[in-house]
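A.B. asks: Below is coords.cif; it holds mmCIF, C-alpha atoms and all ligand atoms.
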data_work
loop_
_atom_site.label_atom_id
_atom_site.label_comp_id
_atom_site.auth_asym_id
_atom_site.auth_seq_id
_atom_site.Cartn_x
_atom_site.Cartn_y
_atom_site.Cartn_z
CA MET W 1 -21.48 28.14 20.13
CA ASN W 2 -18.70 29.99 18.38
CA ASN W 3 -16.10 27.54 17.10
CA LEU W 4 -13.38 28.66 19.54
CA ALA W 5 -15.79 28.44 22.51
CA GLN W 6 -15.05 32.05 23.44
CA PHE W 7 -17.16 32.29 26.58
CA TYR W 8 -15.37 34.49 29.02
CA THR W 9 -15.23 34.17 32.81
CA HIS W 10 -16.99 36.81 34.88
CA ASP W 11 -14.56 38.63 37.21
CA ASN W 12 -16.36 37.34 40.36
CA PHE W 13 -15.65 33.74 39.35
CA SER W 14 -12.05 34.50 38.36
CA LYS W 15 -11.59 35.91 41.87
CA LEU W 16 -13.25 32.83 43.39
CA LEU W 17 -10.95 30.48 41.44
CA LEU W 18 -7.83 32.39 42.51
CA SER W 19 -9.01 32.52 46.14
CA LYS W 20 -8.71 28.72 46.34
CA ILE W 21 -5.07 28.69 45.19
CA LEU W 22 -2.80 28.71 48.19
CA ALA W 23 0.58 29.70 46.65
CA LYS W 24 1.67 33.03 48.19
CA ASN W 25 4.29 34.23 45.73
CA PRO W 26 4.37 31.88 42.75
CA LYS W 27 7.36 32.50 40.54
CA ARG W 28 5.62 31.50 37.33
CA VAL W 29 1.86 31.62 36.57
CA LEU W 30 0.41 30.17 33.33
CA GLU W 31 -2.88 30.58 31.51
CA ILE W 32 -3.65 28.69 28.27
CA GLY W 33 -6.59 30.30 26.43
CA VAL W 34 -6.45 33.81 27.94
CA GLY W 35 -9.52 35.12 26.07
CA GLY W 36 -10.45 38.63 27.26
CA GLY W 37 -8.04 38.35 30.20
CA SER W 38 -10.38 38.02 33.19
CA LEU W 39 -8.27 35.33 34.91
CA VAL W 40 -4.96 37.01 34.01
CA ARG W 41 -6.24 40.32 35.40
CA ALA W 42 -7.20 38.65 38.71
CA ALA W 43 -3.78 36.91 38.82
CA LYS W 44 -1.95 40.18 38.19
CA LYS W 45 -3.81 41.72 41.16
CA LYS W 46 -3.14 38.77 43.48
CA TRP W 47 0.51 38.10 42.58
CA LYS W 48 2.13 41.43 41.70
CA HIS W 49 5.65 40.02 41.33
CA SER W 50 4.94 36.79 39.47
CA ASP W 51 6.06 36.07 35.97
CA ILE W 52 2.77 35.60 34.05
CA ILE W 53 2.78 33.62 30.81
CA GLY W 54 -0.27 33.17 28.61
CA GLY W 55 -1.46 32.19 25.19
CA ASP W 56 -4.53 31.93 22.98
CA ILE W 57 -5.21 30.59 19.51
CA ASP W 58 -6.91 33.88 18.64
CA SER W 59 -4.22 36.45 17.76
CA MET W 60 -6.67 39.33 18.40
CA ASN W 61 -7.01 38.23 22.04
CA VAL W 62 -3.24 38.07 22.35
CA SER W 63 -2.57 41.52 20.85
CA THR W 64 -5.37 43.23 22.83
CA LEU W 65 -4.06 41.77 26.08
CA LYS W 66 -0.45 42.67 25.19
CA GLU W 67 -1.50 46.32 25.00
CA GLU W 68 -3.12 46.15 28.45
CA PHE W 69 -0.28 44.15 30.05
CA PRO W 70 3.03 44.73 28.25
CA SER W 71 4.87 42.82 31.02
CA ILE W 72 2.97 39.55 30.46
CA LYS W 73 4.58 37.06 28.08
CA LEU W 74 1.81 36.29 25.59
CA PHE W 75 1.91 33.90 22.63
CA VAL W 76 -0.38 32.78 19.84
CA ILE W 77 -0.52 29.06 20.55
CA ASN W 78 -2.62 25.95 20.09
CA GLY W 79 -3.38 24.55 23.54
CA LEU W 80 -4.07 21.13 22.03
CA SER W 81 -0.66 20.77 20.38
CA SER W 82 2.10 18.51 21.67
CA HIS W 83 4.49 21.39 20.83
CA LEU W 84 2.77 23.66 23.35
CA ARG W 85 5.72 23.71 25.73
CA GLU W 86 8.12 24.90 22.98
CA ASP W 87 5.60 27.47 21.73
CA LEU W 88 5.23 28.88 25.24
CA LYS W 89 9.03 28.66 25.73
CA LEU W 90 8.52 26.61 28.88
CA GLU W 91 10.03 23.40 30.24
CA LEU W 92 7.76 20.63 31.48
CA GLY W 93 7.37 20.82 35.27
CA SER W 94 8.39 24.49 35.49
CA VAL W 95 5.12 26.30 36.37
CA ASP W 96 4.05 27.07 39.96
CA VAL W 97 0.42 27.97 39.31
CA ALA W 98 -1.83 27.38 36.29
CA ILE W 99 -5.28 28.91 35.80
CA CYS W 100 -7.60 28.00 32.96
CA ASN W 101 -11.09 28.20 31.50
CA PRO W 102 -10.58 26.00 28.42
CA PRO W 103 -12.79 25.64 25.35
CA TYR W 104 -15.32 22.78 25.65
CA MET W 105 -15.40 20.87 22.38
CA THR W 106 -15.48 17.24 21.29
CA ILE W 107 -12.22 16.44 19.49
CA LYS W 108 -11.21 13.52 17.33
CA LYS W 109 -8.93 11.00 19.02
CA SER W 110 -5.32 11.03 17.77
CA ASP W 111 -1.95 9.57 18.79
CA GLU W 112 -0.84 13.08 19.76
CA TYR W 113 -3.69 13.38 22.30
CA GLY W 114 -3.07 9.82 23.47
CA LYS W 115 0.53 10.73 24.32
CA ILE W 116 -0.54 13.86 26.24
CA LEU W 117 -3.08 11.82 28.23
CA GLU W 118 -0.61 9.09 29.10
CA GLU W 119 2.22 11.45 30.03
CA SER W 120 -0.13 13.36 32.33
CA LEU W 121 -1.30 10.09 33.98
CA LEU W 122 -4.92 10.63 32.96
CA GLY W 123 -5.28 7.22 31.32
CA CYS W 124 -4.89 5.88 27.81
CA LEU W 125 -6.79 6.97 24.72
CA ASP W 126 -8.68 3.67 24.44
CA SER W 127 -10.21 4.08 27.88
CA TYR W 128 -12.04 7.23 26.71
CA SER W 129 -15.18 6.67 24.62
CA GLN W 130 -15.18 10.39 23.86
CA LEU W 131 -12.43 12.98 24.03
CA THR W 132 -12.93 16.70 24.69
CA SER W 133 -10.67 19.76 24.43
CA ASP W 134 -11.07 20.55 28.15
CA ILE W 135 -9.47 17.20 29.09
CA ILE W 136 -6.45 17.89 26.88
CA PHE W 137 -6.10 21.46 28.20
CA LEU W 138 -6.23 20.08 31.76
CA ALA W 139 -3.61 17.45 30.90
CA GLN W 140 -1.32 20.06 29.29
CA ASN W 141 -1.53 22.21 32.42
CA LEU W 142 -0.66 19.24 34.64
CA LEU W 143 2.38 18.47 32.50
CA LEU W 144 3.65 22.04 32.71
CA LEU W 145 3.14 22.28 36.49
CA LYS W 146 6.05 21.54 38.81
CA GLU W 147 5.69 18.99 41.64
CA GLY W 148 3.48 20.58 44.29
CA GLY W 149 2.21 23.19 41.79
CA GLU W 150 -1.50 24.12 41.72
CA LEU W 151 -4.06 24.24 38.91
CA GLY W 152 -7.43 26.03 39.07
CA ILE W 153 -9.56 25.12 36.06
CA ILE W 154 -13.22 25.62 35.04
CA VAL W 155 -14.64 22.41 33.57
CA PRO W 156 -17.99 21.41 32.05
CA ASP W 157 -20.56 19.54 34.14
CA GLY W 158 -20.33 16.38 32.02
CA LEU W 159 -16.70 15.80 32.94
CA LEU W 160 -17.72 15.49 36.60
CA THR W 161 -21.06 13.74 36.16
CA CYS W 162 -21.17 11.52 33.04
CA GLN W 163 -20.31 7.86 33.25
CA ARG W 164 -18.18 8.06 30.09
CA PHE W 165 -15.72 10.32 31.95
CA SER W 166 -15.44 8.21 35.12
CA ILE W 167 -12.03 7.06 33.84
CA PHE W 168 -10.88 10.72 33.96
CA ARG W 169 -12.17 11.09 37.55
CA GLU W 170 -10.55 7.85 38.65
CA LYS W 171 -7.14 8.76 37.21
CA LEU W 172 -7.29 12.32 38.54
CA LEU W 173 -8.12 11.12 42.06
CA SER W 174 -5.47 8.43 42.12
CA ASN W 175 -2.58 10.46 40.65
CA TYR W 176 -3.21 14.01 41.90
CA LYS W 177 -4.44 15.81 44.97
CA LEU W 178 -7.85 17.33 44.31
CA THR W 179 -8.13 20.05 46.94
CA GLY W 180 -11.62 21.29 46.05
CA VAL W 181 -14.51 21.21 43.60
CA ILE W 182 -16.79 24.26 43.35
CA GLU W 183 -20.14 23.96 41.59
CA LEU W 184 -20.92 27.25 39.80
CA PRO W 185 -24.40 28.55 39.03
CA SER W 186 -25.73 28.08 35.46
CA LYS W 187 -25.95 31.17 33.23
CA ILE W 188 -22.70 32.77 34.40
CA PHE W 189 -21.39 33.03 30.85
CA LYS W 190 -23.02 35.30 28.28
CA LYS W 191 -24.81 33.52 25.41
CA THR W 192 -24.72 30.05 27.05
CA GLU W 193 -26.40 28.41 30.02
CA ALA W 194 -23.41 26.06 30.40
CA LYS W 195 -23.22 24.41 33.81
CA THR W 196 -19.63 24.40 35.05
CA HIS W 197 -17.44 23.67 38.06
CA ILE W 198 -14.03 24.81 39.27
CA LEU W 199 -11.48 22.09 40.04
CA ILE W 200 -8.50 22.94 42.24
CA ILE W 201 -5.76 20.36 41.72
CA ARG W 202 -2.33 20.03 43.30
CA LYS W 203 0.38 18.11 41.47
CA SER W 204 1.09 15.67 44.27
CA VAL W 205 -0.40 12.45 45.54
CA CYS W 206 -3.36 12.74 47.87
CA SER W 207 -3.56 10.90 51.16
CA SER W 208 -6.82 12.48 52.40
CA LEU W 209 -9.84 10.23 52.56
CA SER W 210 -12.40 13.04 52.18
CA LEU W 211 -12.45 16.13 49.96
CA PRO W 212 -14.37 19.42 50.17
CA ILE W 213 -17.08 20.07 47.57
CA TYR W 214 -18.49 23.60 47.48
CA LEU W 215 -21.47 25.39 46.02
CA ALA W 216 -20.96 28.96 44.79
CA ASN W 217 -23.73 31.55 44.49
CA GLU W 218 -24.32 34.12 41.72
CA ASN W 219 -21.93 36.63 43.34
CA GLY W 220 -19.05 34.19 43.18
CA THR W 221 -18.93 33.47 46.90
CA ILE W 222 -19.12 30.09 48.58
CA ALA W 223 -22.65 29.34 49.78
CA SER W 224 -22.14 25.84 51.16
CA LYS W 225 -19.52 23.14 51.73
CA ILE W 226 -19.71 19.39 52.27
CA LEU W 227 -17.02 16.78 52.80
CA VAL W 228 -17.27 13.77 50.51
CA LYS W 229 -15.36 10.48 50.64
CA LYS W 230 -12.75 10.41 47.89
CA SER W 231 -13.95 6.99 46.74
CA ALA W 232 -17.47 8.39 46.13
CA LEU W 233 -16.13 11.02 43.74
CA ILE W 234 -15.40 8.59 40.92
CA TYR W 235 -19.15 8.14 40.41
CA ARG W 236 -19.82 11.88 40.42
CA MET W 237 -17.98 14.98 41.64
CA ASP W 238 -20.76 17.58 41.73
CA TYR W 239 -22.14 19.31 44.83
CA LYS W 240 -25.77 18.93 43.71
CA TYR W 241 -25.60 15.14 43.71
CA HIS W 242 -23.53 14.70 46.88
CA SER W 243 -25.56 17.19 48.94
CA TRP W 244 -28.73 15.38 47.90
CA LYS W 245 -27.11 12.05 48.87
CA LYS W 246 -26.07 13.39 52.27
CA ASN W 247 -29.56 14.72 53.01
CA SER W 248 -31.56 11.77 51.76
CA ASN W 249 -31.92 9.28 54.57
CA GLN W 250 -35.13 7.80 53.21
CA LYS W 251 -36.22 4.27 53.87
CA THR W 252 -35.89 2.51 50.55
CA SER W 253 -37.16 -0.70 49.05
CA ASN W 254 -35.90 -1.96 45.70
CA SER W 255 -34.37 -0.29 42.68
CA LEU W 256 -36.32 -0.15 39.40
CA LEU W 257 -33.88 -2.75 38.11
CA ASP W 258 -34.77 -5.09 41.00
CA LEU W 259 -38.47 -4.62 40.21
CA ASN W 260 -37.93 -5.70 36.57
CA VAL W 261 -38.88 -2.30 35.22
CA ASP W 262 -38.10 -1.90 31.51
CA ILE W 263 -36.92 1.52 30.35
CA MET W 264 -36.65 2.45 26.66
CA ARG W 265 -36.51 5.76 24.90
CA GLY W 266 -38.29 6.61 21.66
CA SER W 267 -36.51 5.34 18.56
CA ARG W 268 -36.81 8.51 16.47
CA SER W 269 -36.14 12.22 17.02
CA LYS W 270 -38.86 14.86 17.07
CA LYS W 271 -37.71 16.00 13.62
CA GLN W 272 -37.97 12.50 12.16
CA LEU W 273 -41.43 11.96 13.65
CA GLU W 274 -42.52 15.38 12.41
CA SER W 275 -41.56 14.42 8.86
CA LEU W 276 -43.82 11.30 9.02
CA GLN W 277 -46.83 13.59 9.59
CA ILE W 278 -48.31 11.37 12.31
CA ASN W 279 -49.40 11.98 15.89
CA TYR W 280 -46.57 11.48 18.39
CA LEU W 281 -45.51 12.55 21.88
CA HIS W 282 -42.55 14.81 22.65
CA THR W 283 -41.43 16.40 25.95
CA THR W 284 -43.42 19.54 25.11
CA ASP W 285 -46.62 17.41 25.33
CA LEU W 286 -45.85 16.39 28.92
CA LYS W 287 -47.26 18.75 31.54
CA ASN W 288 -45.39 20.13 34.56
CA GLU W 289 -47.70 18.14 36.85
CA TYR W 290 -48.16 14.36 36.61
CA CYS W 291 -51.10 13.55 34.32
CA GLU W 292 -52.98 10.53 33.02
CA CYS W 293 -53.94 10.46 29.31
CA GLU W 294 -55.94 8.40 26.87
CA PHE W 295 -55.03 8.01 23.19
CA PRO W 296 -56.78 6.36 20.24
CA LEU W 297 -55.45 2.96 19.18
CA HIS W 298 -53.06 3.90 16.33
CA LYS W 299 -51.97 1.45 13.63
CA THR W 300 -48.30 0.79 14.52
CA ILE W 301 -45.23 1.35 12.33
CA ASP W 302 -42.44 -1.23 12.87
CA TYR W 303 -39.50 1.02 13.50
CA LEU W 304 -41.24 3.42 15.92
CA ARG W 305 -41.47 2.92 19.66
CA TYR W 306 -44.98 3.28 21.08
CA ALA W 307 -46.26 4.12 24.53
CA GLU W 308 -49.14 1.81 25.40
CA GLU W 309 -51.75 1.32 28.07
CA GLY W 310 -50.07 1.01 31.49
CA ASP W 311 -46.82 2.75 30.48
CA LEU W 312 -45.35 5.62 32.47
CA LEU W 313 -43.59 8.26 30.35
CA MET W 314 -40.83 10.57 31.57
CA SER W 315 -39.04 13.43 29.77
CA ARG W 316 -35.37 12.40 29.84
CA VAL W 317 -33.68 15.43 28.32
CA GLY W 318 -34.27 19.17 28.09
CA LYS W 319 -33.46 22.52 29.62
CA ARG W 320 -36.34 22.75 32.07
CA CYS W 321 -38.55 19.70 31.53
CA ILE W 322 -36.54 16.80 32.96
CA GLY W 323 -38.62 14.30 34.92
CA LYS W 324 -42.12 15.36 33.75
CA LEU W 325 -44.43 12.33 34.04
CA MET W 326 -47.44 11.04 32.09
CA TYR W 327 -49.34 7.78 32.59
CA VAL W 328 -51.02 6.17 29.59
CA ILE W 329 -54.48 4.92 30.57
CA LYS W 330 -55.61 3.74 27.14
CA GLY W 331 -54.54 3.50 23.49
CA ASN W 332 -51.06 3.94 22.04
CA ILE W 333 -48.86 6.65 20.53
CA PRO W 334 -45.24 6.87 19.20
CA ILE W 335 -42.77 8.69 21.47
CA SER W 336 -39.73 10.80 20.56
CA ASP W 337 -36.22 9.89 21.71
CA CYS W 338 -36.42 12.61 24.41
CA ILE W 339 -38.96 10.51 26.33
CA TYR W 340 -38.43 7.35 28.37
CA ARG W 341 -41.12 4.69 28.24
CA ILE W 342 -41.09 3.09 31.70
CA ARG W 343 -42.86 -0.27 31.68
CA ILE W 344 -43.54 -1.37 35.26
CA PRO W 345 -44.89 -4.82 36.23
CA PHE W 346 -48.52 -4.34 37.29
CA GLU W 347 -48.00 -5.33 40.95
CA HIS W 348 -45.40 -2.56 41.47
CA ARG W 349 -46.94 0.09 39.23
CA ALA W 350 -48.82 2.24 41.75
CA LYS W 351 -45.92 2.21 44.22
CA VAL W 352 -43.29 3.19 41.59
CA ILE W 353 -45.43 5.97 40.10
CA SER W 354 -46.26 7.51 43.45
CA SER W 355 -42.59 7.31 44.47
CA LEU W 356 -41.31 8.98 41.27
CA ASN W 357 -44.03 11.62 41.55
CA SER W 358 -43.30 12.40 45.23
CA LYS W 359 -41.18 15.31 46.52
CA ILE W 360 -38.39 12.81 47.22
CA GLY W 361 -38.64 11.41 43.68
CA LYS W 362 -38.45 14.89 42.19
CA GLU W 363 -35.44 15.79 44.35
CA TRP W 364 -33.79 12.55 43.24
CA ILE W 365 -34.36 13.41 39.56
CA ASN W 366 -33.00 16.91 40.09
CA ALA W 367 -29.89 15.54 41.82
CA HIS W 368 -29.24 12.93 39.14
CA SER W 369 -29.86 15.02 36.04
CA HIS W 370 -26.70 16.45 34.55
CA GLY W 371 -25.38 18.21 31.50
CA VAL W 372 -23.64 21.39 30.39
CA CYS W 373 -26.67 23.11 28.75
CA ALA W 374 -29.66 20.80 28.37
CA LYS W 375 -29.95 18.41 31.31
CA VAL W 376 -30.27 14.66 30.86
CA ILE W 377 -31.07 11.75 33.12
CA SER W 378 -29.30 8.52 32.23
CA LYS W 379 -31.03 5.14 31.97
CA ARG W 380 -28.36 3.65 34.23
CA ASP W 381 -29.18 6.16 36.99
CA LEU W 382 -32.92 5.72 36.55
CA LEU W 383 -32.67 1.93 36.80
CA ASN W 384 -30.84 2.44 40.09
CA TYR W 385 -33.64 4.65 41.47
CA GLN W 386 -34.62 3.24 44.85
CA VAL W 387 -38.37 3.19 45.26
CA THR W 388 -39.20 4.97 48.50
CA TYR W 389 -42.25 4.03 50.52
C1 LIG T 1 -13.96 29.60 27.36
S1 LIG T 1 -12.88 30.82 26.70
C2 LIG T 1 -12.12 31.37 28.18
C3 LIG T 1 -11.29 32.58 28.06
C4 LIG T 1 -10.65 33.06 29.35
N1 LIG T 1 -9.72 32.10 29.86
C5 LIG T 1 -11.68 33.37 30.39
O1 LIG T 1 -11.70 32.68 31.39
O2 LIG T 1 -12.48 34.29 30.20
C6 LIG T 1 -11.70 29.78 25.91
C7 LIG T 1 -10.55 30.52 25.27
O3 LIG T 1 -9.70 29.54 24.66
C8 LIG T 1 -9.32 29.97 23.37
N2 LIG T 1 -9.08 28.78 22.57
C9 LIG T 1 -9.96 28.01 21.90
N3 LIG T 1 -9.32 26.98 21.30
C10 LIG T 1 -8.00 27.11 21.62
C11 LIG T 1 -6.84 26.36 21.31
N4 LIG T 1 -6.88 25.25 20.59
N5 LIG T 1 -5.65 26.80 21.81
C12 LIG T 1 -5.57 27.92 22.57
N6 LIG T 1 -6.64 28.66 22.88
C13 LIG T 1 -7.84 28.27 22.41
C14 LIG T 1 -10.47 30.83 22.87
O4 LIG T 1 -10.02 31.78 21.91
C15 LIG T 1 -10.94 31.50 24.17
O5 LIG T 1 -10.26 32.70 24.37
#
So, in terms of structure tokens, how does the structure I just supplied come out?
C.D. replies:
Amino acid sequence: MNNLAQFYTHDNFSKLLLSKILAKNPKRVLEIGVGGGSLVRAAKKKWKHSDIIGGDIDSMNVSTLKEEFPSIKLFVINGLSSHLREDLKLELGSVDVAICNPPYMTIKKSDEYGKILEESLLGCLDSYSQLTSDIIFLAQNLLLLKEGGELGIIVPDGLLTCQRFSIFREKLLSNYKLTGVIELPSKIFKKTEAKTHILIIRKSVCSSLSLPIYLANENGTIASKILVKKSALIYRMDYKYHSWKKNSNQKTSNSLLDLNVDIMRGSRSKKQLESLQINYLHTTDLKNEYCECEFPLHKTIDYLRYAEEGDLLMSRVGKRCIGKLMYVIKGNIPISDCIYRIRIPFEHRAKVISSLNSKIGKEWINAHSHGVCAKVISKRDLLNYQVTY
């Protein structure tokens, strides 16, 4: 990734984002992080008479766009700064529409960010285990919007799917009106496979009990829509998960947790295992189809985690290998931290393996894996897997 996360929105998706904003003739439209100008260009087409204000930290972006659009007020700014409003020459609560595709970067917590989060009603700094630039950009936009104003913003998958950001989802849903979430296809940005979604947010309180979640196709048009209960969106906000949930009406028995299944990942990375010059298993050793393997009985090293006879292994992280399964018939072997060792009590073993290896199990894994580039399946989700029969 370049260090300013300069991945620009394709025009089809800029048009899609703007199509979900209802304002007819907004007086003032804002974009923080204008980049190559795809969103600004779409805004200029849609709202010919609006006052458009924008900024970017990269002065080259600002000067190139100034040449194309002399009428737009463009500034070199830092979207993460608490002085943003002064730098953009705007009052808080003065913008009718904000559009944004922010940089996605982990940032160090600071009092300045804490203040921005609290003022924008997105929670306090301590409630976030990790802070990212997209959250602060979103908060800044909310602060600059007037009551009833609308924000369309492209956010990374993790913000809508990871447990560590459930505080963000909870605060957003209780203090703002989320009018739509659109899941975008992967690979829509050059040089990254980042999985992203559009959030459309109105600065007002929401009384609706259900919200529309959409799926967009590669052309930037809506392919499908489902209505999801607002309360279910704190857990996850993505279309993939909720459409799977709606369609899965399987008879279920117990969760892996109920069945006393123990799940651990390897204790060392592939690189660390490589440096020990020993035999080990990594996701690349797991085949696309479920397989059963025998290994010699290796002398064990204390700090490594071994797969042993009777263990089921699953690739837990990767771009295309999530959920691949291997059963260990005999012997032992160290596993990398990209693999889960699933230790199932003997009496439930056959049932759990055939459930995870079934079409339903694979669909479940697909629906529960998440991540911006590489996908990951969390241990918490896997323990909640309901064994179908
Ligand atoms: C993901 S790109 C999106 C650009 C454009 N909005 C689009 O949709 O194509 C993020 C943009 O934010 C800018 N940026 C990165 N860090 C920034 C910061 N701290 N303040 C303002 N802009 C920043 C980058 O230069 C880049 O143009």
A.B. asks: What residues have any atom no more than 9 Å from ligand LIG 1 (chain T) when counting all atoms listed in the file, and can you list them as a compact mmCIF listing (two decimals) with C-alpha atoms, in the coordinates of the input?
C.D. replies:
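The result, written out as part-v3.txt:
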# COMPACT_ATOMS: atom_id res chain seq x y z
CA ASN W 3 -16.10 27.54 17.10
CA LEU W 4 -13.38 28.66 19.54
CA ALA W 5 -15.79 28.44 22.51
CA GLN W 6 -15.05 32.05 23.44
CA PHE W 7 -17.16 32.29 26.58
CA TYR W 8 -15.37 34.49 29.02
CA THR W 9 -15.23 34.17 32.81
CA HIS W 10 -16.99 36.81 34.88
CA ASP W 11 -14.56 38.63 37.21
CA PHE W 13 -15.65 33.74 39.35
CA SER W 14 -12.05 34.50 38.36
CA GLU W 31 -2.88 30.58 31.51
CA ILE W 32 -3.65 28.69 28.27
CA GLY W 33 -6.59 30.30 26.43
CA VAL W 34 -6.45 33.81 27.94
CA GLY W 35 -9.52 35.12 26.07
CA GLY W 36 -10.45 38.63 27.26
CA GLY W 37 -8.04 38.35 30.20
CA SER W 38 -10.38 38.02 33.19
CA LEU W 39 -8.27 35.33 34.91
CA VAL W 40 -4.96 37.01 34.01
CA GLY W 55 -1.46 32.19 25.19
CA ASP W 56 -4.53 31.93 22.98
CA ILE W 57 -5.21 30.59 19.51
CA ASP W 58 -6.91 33.88 18.64
CA SER W 59 -4.22 36.45 17.76
CA MET W 60 -6.67 39.33 18.40
CA ASN W 61 -7.01 38.23 22.04
CA VAL W 76 -0.38 32.78 19.84
CA ILE W 77 -0.52 29.06 20.55
CA ASN W 78 -2.62 25.95 20.09
CA GLY W 79 -3.38 24.55 23.54
CA LEU W 80 -4.07 21.13 22.03
CA SER W 81 -0.66 20.77 20.38
CA ILE W 99 -5.28 28.91 35.80
CA CYS W 100 -7.60 28.00 32.96
CA ASN W 101 -11.09 28.20 31.50
CA PRO W 102 -10.58 26.00 28.42
CA PRO W 103 -12.79 25.64 25.35
CA TYR W 104 -15.32 22.78 25.65
CA MET W 105 -15.40 20.87 22.38
CA SER W 133 -10.67 19.76 24.43
CA PHE W 137 -6.10 21.46 28.20
CA ILE W 154 -13.22 25.62 35.04
CA PHE W 189 -21.39 33.03 30.85
A.B. asks: Quick one: residues within 8 Å of Tyr385 (chain W), all atoms listed in the file, excluding same-chain residues fewer than 3 positions away - as a PyMOL selection string?
C.D. replies: chain W and resi 255-256+381-382
A.B. asks: Next, the residues of the selection above should be written as a PDB file, in the coordinates of the input with C-alpha atoms.
C.D. replies:
ATOM      1  CA  SER W 255     -34.370  -0.290  42.680  1.00  0.00           C
ATOM      2  CA  LEU W 256     -36.320  -0.150  39.400  1.00  0.00           C
ATOM      3  CA  ASP W 381     -29.180   6.160  36.990  1.00  0.00           C
ATOM      4  CA  LEU W 382     -32.920   5.720  36.550  1.00  0.00           C
TER       5      LEU W 382
END
A.B. asks: Of the residues W:Ile322, W:Tyr235, W:Ile335, W:Lys44, which is the one nearest to Glu274 (chain W), using only C-alpha atoms?
C.D. replies: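 For Glu274 (chain W), the nearest of the candidates is W:Ile335.
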A.B. asks: Go through W:Leu209, W:Ile342, W:Ala194, W:Val376 and flag the residue nearest Ile263 (chain W), using all atoms listed in the file for the distances.
C.D. replies: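 Under the stated criterion, the closest residue is W:Ile342.
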A.B. asks: Could you work out how far CA of Val97 (chain W) lies from CA of Glu119 (chain W), giving the answer in Å with one decimal?
C.D. replies: 19.0 Å
A.B. asks: May I ask for the distance between CA of Ser94 (chain W) and CA of Cys124 (chain W), given in Å to one decimal place?
C.D. replies: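 CA of Ser94 (chain W) sits 24.1 Å away from CA of Cys124 (chain W).
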A.B. asks: Determine the nearest neighbour of Ile333 (chain W) from the options W:Leu273, W:Leu92, W:Ala232, W:Leu356, counting all atoms listed in the file.
C.D. replies: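 Between W:Leu273, W:Leu92, W:Ala232, W:Leu356, the residue approaching Ile333 (chain W) most closely is W:Leu273.
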A.B. asks: For Leu90 (chain W), please output as a PyMOL selection string all residues within 10 Å (counting all atoms listed in the file; exclusion window: fewer than 5 positions along the same chain).
C.D. replies: chain W and resi 30+53+84-85+95+144
A.B. asks: Give the answer as one residue: which of W:Ile377, W:Cys293, W:Leu160, W:Ile360 has the shortest atom-to-atom distance to Lys245 (chain W), using all atoms listed in the file?
C.D. replies: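 Nearest to Lys245 (chain W): W:Ile360.
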A.B. asks: In Å, with one decimal, what is the gap from CA of Ile201 (chain W) to CA of Thr179 (chain W)?
C.D. replies: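 Distance between the two atoms: 5.7 Å.
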A.B. asks: Select, from W:Asn12, W:Ser336, W:Asn357, W:Asn254, the residue with the minimum atom-to-atom distance to Val387 (chain W), counting only C-alpha atoms.
C.D. replies: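 The shortest atom-to-atom distance to Val387 (chain W) comes from W:Asn254.
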A.B. asks: Would you please work out which residue, of W:Ser315, W:Asn384, W:Ser210, W:Asn25, is nearest to Leu281 (chain W) when using all atoms listed in the file?
C.D. replies: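 Answer, going by the shortest atom-to-atom distance: W:Ser315.
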